[in-house]
Structures are given as structure tokens and as C-alpha cells.
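Below is one structure, written out as C-alpha cells; the observations come after it.
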Amino acid sequence: MAESTIPRLLTIIGSTFAGKKLIEKSPTSVKRLSLELGGDAPVLVFDDADLDATVADIVGLKLANAGQICVAPNRVFVHQNIYSDFIDKAKVLMESYQYVGERSSGPELSPVVSEGFLKSLEGFCEPEVHKGTIVTGGKRANRPGYFMQATLIKDVARDSALTCEEIFGPIMPVMPFDDDDDIFAIANDTEYGLSAYVYTQNLTRALEAERRLLFGNILINEAYYSLQLPHGGLKQSGFGKDVSHLALDDYYDTKRISIKR
């Protein structure tokens, strides 16, 4: 389809690698592209956040579909004043998950897509990779299927593969920060720019996050997506919108018409 001269527009949801390949193959004609690509979503949890609601929000989104969501939290930064409490609460919630089919109610953890991908997730849990401490999980689940344990890793090195690559699985790396850190600059230190999450009760800080974070979706005190809201990324996370009325712009042409009477 990319090499064909027939399409006027190509749109995909996929990895940044897939988006680059699509661009590479498309110059056989002038085409529009709308690309929703990879993510490396940071979560910034300040010490005035509603901690119980924050943990429920972030763990719930992280483990939905076993983390195989482009907007899943990928790097969780928690203020040092509440860091230990966040870890304790996240551990309890993550350990409450059962695997799909094991019970009729309660939070469930889905399988990942393949055996090969499961092995790559296990690789993220090697100490020399994350350079942190596994709090819970870290292994393949002891059951049939491609199931990875819900995994919480604390004190992850900021330069580890877990913080630089899209995990796309049920592994949540957590790192502390303090008031001396320029946490917005740290959050922006990625080639991706799809989603970012901020938890704070401070309006001034929330507005600073909106201004400084270089991401297409900035969600403050909630993880909320809906069809009427624009969705798309910046930087290597692509361009264009794939929902909301703005998504229609790619499908319509603007004509300039003048008539002399």
C-alpha cells in the first residue's frame, strides 16, 4: 500500500520502526500520512498527589491488556517524600491481579502476544538491565500461555533500557525525584512524545506541566481517553490525530475558490 500510487492517505497505529518503514516506502507518489507511533510515557507523581487514587490509576493503566497499550505508563517518577508509600501501595495492588480465566471478578492480567515477546520482557527484568530492585514479579508466570507476572521494579537507573525503550508489557519501573530535579526536563528526555501523566493538587505546577512537557497528550490527575478528544504524538511518536473531529482534517481537502462576476 505504501508503494502504490493509488492511496492519497495512509494512517497506522504501530511502532516508530513501522512508521519509518512506511515513510521510506511511500515516495512513489505524494501521500498524506497520519502516524500514531511508539511511546515512552512518563508519570510524574508529586508529594501533594492523592496517593490512593494515583496508584489505582497508574497500576490500572499499566496492567490493562498486560501493558500492551501505546499510552501505558513507561517511566514512573515519584517524589521522595511519598516514594516508599507509593511502592507499598503499588505492590499490594499489583499482587491482587489474577490471570485471565482464573476467577470471575476482580482485576485480571492478560497474556502478551507471543513467546518471543515474553522472553524479551524477561530480559528487561535482568539486574544488569534495569539496575534497580524487583519488588514483585519479574518472571514468567507459572501457568500455560504467554503470561508475564505483574512486575514492579524500584530504584531503576534513569539511563537503563527500561526508561529508554517502550516496554509494552506489565513491567512498571519506578524512580524517586526531589525538589532539586528539573523533573519536566527529565520527563522530556526521550525521543518519544505520545502521552505524559502528572499527579498534583498544585494548579501552578499543573499549568507548568502543560507548558513544558513535549507530549501530544498531557493528562493531569487522571488517565482519560475518549473518542471526542484529540489523540496523537510529537517527535518520534508521529503526527496527525486519530480521534476527535481533528482526525477528519486528513480526509478532507481545503479548496480556495474565487469567482469574478
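Here, A, B, ... name the chains of the C-alpha cells in the order displayed, residue numbers run from 1 inside each chain, and ligands are numbered from 1 in the same displayed order.
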
If you run DSSP on the backbone, which residues of range 28-201 of chain A are alpha helix (DSSP H), as a count of residues only? 49

Wanna dump the range 75-193 of chain A-range 207-222 of chain A contacts at 8 Å for me, each residue with its shortest atom pair and the distance in Å to one decimal, counting only C-alpha atoms, ordered by chain and number, as JSON lines?
{"residue": "A:Phe184", "atom": "CA", "partner": "A:Leu213", "partner_atom": "CA", "distance": 6.2}
{"residue": "A:Ala185", "atom": "CA", "partner": "A:Leu213", "partner_atom": "CA", "distance": 7.9}
{"residue": "A:Ala187", "atom": "CA", "partner": "A:Leu213", "partner_atom": "CA", "distance": 7.4}
{"residue": "A:Asn188", "atom": "CA", "partner": "A:Leu214", "partner_atom": "CA", "distance": 6.1}
{"residue": "A:Tyr192", "atom": "CA", "partner": "A:Phe215", "partner_atom": "CA", "distance": 7.9}
{"residue": "A:Gly193", "atom": "CA", "partner": "A:Phe215", "partner_atom": "CA", "distance": 4.2}

Closest of A:Met175, A:Leu246, A:Met1, A:Ala49 to Leu203 in chain A - atom-to-atom distances counting only C-alpha atoms: A:Ala49

As a PyMOL selection string, please: every residue in range 78-201 of chain A that DSSP puts in strand (DSSP E or B). chain A and resi 78-79+98-99+108-109+133-136+140+148+151-154+171-177+192-193+195-199

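Neighbouring residues of Val156 in chain A at 8 Å or closer, counting only C-alpha atoms and skipping chain neighbours under 4 positions away, are His130, Lys131, Gly132, Thr133, Ser160, Leu162, Pro173, Val174 and Met175 of chain A.
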
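CA of Phe46 in chain A is positioned 12.0 Å from CA of Asp181 in chain A.
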
Residues within 9 Å of range 73-79 of chain A, only C-alpha atoms, excluding chain neighbours under 4 positions, as a VMD selection string: chain A and resid 39 to 47 58 to 59 61 to 62 67 83 86 158 162 to 168 171 to 179 183 187 195 to 197

Could you write out the selected residues, including C-alpha atoms, as a CSV table (one decimal), in the first residue's frame?
chain,number,residue,atom,x,y,z
A,39,GLY,CA,5.5,5.9,23.3
A,40,ASP,CA,7.7,6.2,26.4
A,41,ALA,CA,5.1,7.8,28.7
A,42,PRO,CA,6.4,9.4,31.9
A,43,VAL,CA,4.4,9.7,35.1
A,44,LEU,CA,5.2,12.5,37.5
A,45,VAL,CA,3.8,12.0,41.0
A,46,PHE,CA,4.3,15.0,43.3
A,47,ASP,CA,4.1,14.8,47.0
A,58,ILE,CA,-1.4,4.2,37.1
A,59,VAL,CA,-1.3,0.5,38.0
A,61,LEU,CA,-3.5,1.6,33.1
A,62,LYS,CA,-0.1,-0.1,33.3
A,67,GLY,CA,0.8,-3.3,29.3
A,83,TYR,CA,8.1,7.2,47.4
A,86,PHE,CA,3.8,4.6,46.6
A,158,ARG,CA,17.4,6.6,34.8
A,162,LEU,CA,13.5,0.2,30.9
A,163,THR,CA,13.4,4.0,30.8
A,164,CYS,CA,14.7,4.5,27.2
A,165,GLU,CA,12.7,1.8,25.3
A,166,GLU,CA,9.0,1.2,25.1
A,167,ILE,CA,8.3,-1.8,27.4
A,168,PHE,CA,4.9,-2.7,26.1
A,171,ILE,CA,6.5,-4.1,34.0
A,172,MET,CA,6.5,-0.8,35.9
A,173,PRO,CA,9.8,0.9,36.7
A,174,VAL,CA,9.7,3.5,39.5
A,175,MET,CA,12.3,6.1,40.3
A,176,PRO,CA,12.4,8.8,43.1
A,177,PHE,CA,12.9,12.5,42.4
A,178,ASP,CA,13.3,15.5,44.7
A,179,ASP,CA,12.8,19.3,44.5
A,183,ILE,CA,11.6,16.7,36.6
A,187,ALA,CA,10.4,13.6,31.5
A,195,SER,CA,1.5,10.7,26.5
A,196,ALA,CA,2.6,12.0,29.8
A,197,TYR,CA,0.8,11.9,33.2

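Neighbours of Arg32 in chain A closer than or equal to 10 Å, with only C-alpha atoms counted and sequence neighbours fewer than 3 positions away skipped, come out as Pro7, Arg8, Leu9, Leu10, Thr11, Ser26, Ser29, Leu35, Gly240, Asp250 and Tyr251 of chain A.
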
Now that the selection is made, can you save its residues with N, CA and C atoms as an mmCIF file, in the first residue's frame?
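Written output follows (result.cif):
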data_model
loop_
_atom_site.group_PDB
_atom_site.id
_atom_site.type_symbol
_atom_site.label_atom_id
_atom_site.label_comp_id
_atom_site.auth_asym_id
_atom_site.auth_seq_id
_atom_site.Cartn_x
_atom_site.Cartn_y
_atom_site.Cartn_z
ATOM 1 N N PRO A 7 -3.267 5.165 -3.047
ATOM 2 C CA PRO A 7 -3.744 5.845 -1.823
ATOM 3 C C PRO A 7 -3.345 7.314 -1.780
ATOM 4 N N ARG A 8 -4.260 8.133 -1.277
ATOM 5 C CA ARG A 8 -3.958 9.546 -1.025
ATOM 6 C C ARG A 8 -3.595 9.756 0.439
ATOM 7 N N LEU A 9 -4.009 8.822 1.290
ATOM 8 C CA LEU A 9 -3.728 8.912 2.717
ATOM 9 C C LEU A 9 -3.453 7.522 3.259
ATOM 10 N N LEU A 10 -2.425 7.413 4.078
ATOM 11 C CA LEU A 10 -2.160 6.182 4.822
ATOM 12 C C LEU A 10 -2.088 6.534 6.297
ATOM 13 N N THR A 11 -2.788 5.781 7.123
ATOM 14 C CA THR A 11 -2.751 6.015 8.558
ATOM 15 C C THR A 11 -2.550 4.693 9.279
ATOM 16 N N SER A 26 6.916 5.152 0.850
ATOM 17 C CA SER A 26 5.789 5.912 0.309
ATOM 18 C C SER A 26 6.100 6.938 -0.782
ATOM 19 N N SER A 29 4.520 8.414 -4.685
ATOM 20 C CA SER A 29 3.581 9.487 -5.008
ATOM 21 C C SER A 29 3.484 10.389 -3.786
ATOM 22 N N LEU A 35 0.305 9.189 11.528
ATOM 23 C CA LEU A 35 1.030 8.111 12.201
ATOM 24 C C LEU A 35 0.928 8.260 13.719
ATOM 25 N N GLY A 240 -0.338 13.854 13.318
ATOM 26 C CA GLY A 240 -1.738 13.633 12.969
ATOM 27 C C GLY A 240 -2.538 13.223 14.191
ATOM 28 N N ASP A 250 -7.416 15.137 7.899
ATOM 29 C CA ASP A 250 -6.604 14.384 6.947
ATOM 30 C C ASP A 250 -7.434 13.829 5.796
ATOM 31 N N TYR A 251 -8.736 13.706 5.991
ATOM 32 C CA TYR A 251 -9.588 13.060 4.997
ATOM 33 C C TYR A 251 -10.307 14.058 4.088
#
